[in-house]
Amino acid sequence: MTRVFIEGVGLLGPGLSDWQASRPLLAGSEPYSYAPTVITASNLLPPAERRRTGVPVKLALAVGHEAITHAGRDAVTMPTVFTSAGGDGDNVHHICEALAAPEREVSPTRFHNSVHNVAAGYWSIAARSQEPSTSLCGHDASFAAGLLEAVAEVIVDNRPVTLIAYDQPYPEPLAAKRNIGANFGMALVLTPEATKHTFASLEVSYVVEERVPTRMADAGLEALRKSIPAARSLPLLGALARGAAEVVIIEYLNDSYLQVVLEPY
């Protein structure tokens with residue numbers, strides 16, 4: 001195992017307006033109350049691009065920007081890893097509707113928003129960044145896959161990486177087949193060495209032995225963790241909010257797990 005360091009966090013979800021406001025809720029020192037995720041258009045994008053973005057892009061830009069600001073970094077210089085279980089569910093729904101109609105005419109904007117790396121594309125415009133970017137999908141294990149990829153890139157390339165995980169529900173009738181509980185996004189700025197902005201470190205191990213995933217003590221937060229793939233990050237965020245040394249177990253693929261050893265710094 002090789003240790004990497006955490007400089008910044010971004011968070012946006014039901015009843016979780018940002019990282020700083022959510023820390024007491026995640027730590028268990030204040031009660032959590034569900035409220036719809038409030039998502040606004042990003043001022044980082046030019047007006048033309050801003051009008052074309054869907055909810056997942058807005059989520060990704062919001063939490064990524066918060067994490068990088070928290071870390072005191074410049075987004076222009078940051079490689080990124082984006083991970084999402086489904087991408088833009090609304091866009092998929094509208095494309096399916098268009099393809100089911102007699103004319104079968106798909107909007108060009110909806111077409112280019114249908115690719116899984118659309119958030120990475122808009123991020124590069126917003127941040128004016130030409131740094132490498134990876135976009136992943138791993139069904140319910142998407143967060144774990146993104147975390148593993150981001151940590152690997154930090155270690156192999158010996159440079160900071162921003163991890164951005166986000167999910168959006170599908171409308172009906174797709175929701176009946178693939179239910180994602182709510183809009184949720186989170187981000188971490190990971191670095192190979194400690195800096196003045198470092199507040200924690202982690203080591204990630206791939207585990208094939210049977211483990212019990214770490215759960216949230218609050219029933220409402222646990223419901224989010226179970227119903228939103230990106231919210232599998234909540235136990236890790238809870239440990240960061242408590243500022244204590246903890247071991248977090250996160251479900252991965254095919255009865256495997258990630259073991260995350262967290263240390264305050």
# chains A, B, ... in the order shown; residues from 1 in each chain; ligands from 1

call {"tool": "select_by_dssp", "arguments": {"residues": "stretch 56-107 of chain A", "states": "alpha helix (DSSP H)", "output": "PyMOL selection string"}}
result
chain A and resi 56-71+89-100

call {"tool": "closest_atom_pairs", "arguments": {"of": "stretch 34-141 of chain A", "to": "stretch 185-189 of chain A", "cutoff": "12 Å", "atoms": "only C-alpha atoms", "output": "Markdown table"}}
result
| residue | atom | partner | partner_atom | distance |
| --- | --- | --- | --- | --- |
| A:Thr37 | CA | A:Gly185 | CA | 9.7 |
| A:Val38 | CA | A:Gly185 | CA | 11.4 |
| A:Ile39 | CA | A:Gly185 | CA | 10.4 |
| A:Val55 | CA | A:Gly185 | CA | 10.4 |
| A:Pro56 | CA | A:Gly185 | CA | 8.3 |
| A:Val57 | CA | A:Gly185 | CA | 10.0 |
| A:Lys58 | CA | A:Gly185 | CA | 9.5 |
| A:Leu59 | CA | A:Gly185 | CA | 5.7 |
| A:Ala60 | CA | A:Gly185 | CA | 6.4 |
| A:Leu61 | CA | A:Gly185 | CA | 9.4 |
| A:Ala62 | CA | A:Gly185 | CA | 8.4 |
| A:Val63 | CA | A:Met186 | CA | 5.5 |
| A:Gly64 | CA | A:Ala187 | CA | 5.5 |
| A:His65 | CA | A:Ala187 | CA | 8.7 |
| A:Glu66 | CA | A:Ala187 | CA | 8.0 |
| A:Ala67 | CA | A:Ala187 | CA | 5.9 |
| A:Ile68 | CA | A:Val189 | CA | 6.5 |
| A:Thr69 | CA | A:Val189 | CA | 9.7 |
| A:His70 | CA | A:Val189 | CA | 8.8 |
| A:Ala71 | CA | A:Val189 | CA | 6.9 |
| A:Gly72 | CA | A:Val189 | CA | 10.0 |
| A:Arg73 | CA | A:Val189 | CA | 8.9 |
| A:Asp74 | CA | A:Val189 | CA | 11.2 |
| A:Ala75 | CA | A:Val189 | CA | 10.5 |
| A:Met78 | CA | A:Val189 | CA | 9.0 |
| A:Pro79 | CA | A:Val189 | CA | 10.0 |
| A:Thr80 | CA | A:Val189 | CA | 9.2 |
| A:Val81 | CA | A:Ala187 | CA | 9.6 |
| A:Phe82 | CA | A:Ala187 | CA | 9.2 |
| A:Thr83 | CA | A:Gly185 | CA | 10.0 |
| A:Ser84 | CA | A:Gly185 | CA | 9.3 |
| A:Ala85 | CA | A:Gly185 | CA | 11.6 |
| A:Gly87 | CA | A:Gly185 | CA | 11.6 |

call {"tool": "atom_distance", "arguments": {"atom1": "atom CA of A:Asp255", "atom2": "atom CA of A:Val207"}}
result
9.2 Å

call {"tool": "closest_residue", "arguments": {"among": "A:Gln168, A:Val204, A:Phe111, A:Pro160", "to": "A:Leu99", "atoms": "only C-alpha atoms"}}
result
A:Phe111

call {"tool": "closest_residue", "arguments": {"among": "A:Glu30, A:Glu131, A:Asp140, A:Asp90", "to": "A:Ile228", "atoms": "only C-alpha atoms"}}
result
A:Asp140

call {"tool": "closest_residue", "arguments": {"among": "A:Gly243, A:Arg110, A:Ala223, A:Ala150", "to": "A:Ala98", "atoms": "only C-alpha atoms"}}
result
A:Arg110

call {"tool": "closest_residue", "arguments": {"among": "A:Pro47, A:Gly8, A:Gly28, A:Gly89", "to": "A:Ala239", "atoms": "only C-alpha atoms"}}
result
A:Gly28

call {"tool": "residues_around", "arguments": {"residues": "A:Glu209", "least_positions_apart": "3", "cutoff": "12 Å", "atoms": "only C-alpha atoms", "output": "MDAnalysis selection string"}}
result
chainID A and resid 205:206 212:213 249 251:252 254:259

call {"tool": "select_by_dssp", "arguments": {"residues": "stretch 159-212 of chain A", "states": "strand (DSSP E)", "output": "number ranges by chain"}}
result
A: 161-167, 184-191, 200-207

call {"tool": "closest_residue", "arguments": {"among": "A:Leu202, A:Leu26, A:Val76, A:Val161", "to": "A:Glu222", "atoms": "only C-alpha atoms"}}
result
A:Leu26

call {"tool": "atom_distance", "arguments": {"atom1": "atom CA of A:Val154", "atom2": "atom CA of A:Gly10"}}
result
18.4 Å

call {"tool": "closest_residue", "arguments": {"among": "A:Val115, A:Leu234, A:Val208, A:Leu190", "to": "A:Ala152", "atoms": "only C-alpha atoms"}}
result
A:Leu190

call {"tool": "residues_around", "arguments": {"residues": "stretch 175-182 of chain A", "least_positions_apart": "3", "cutoff": "9 Å", "atoms": "only C-alpha atoms", "output": "PyMOL selection string"}}
result
chain A and resi 13-14+36-37+86+167-172+223-224+226-229
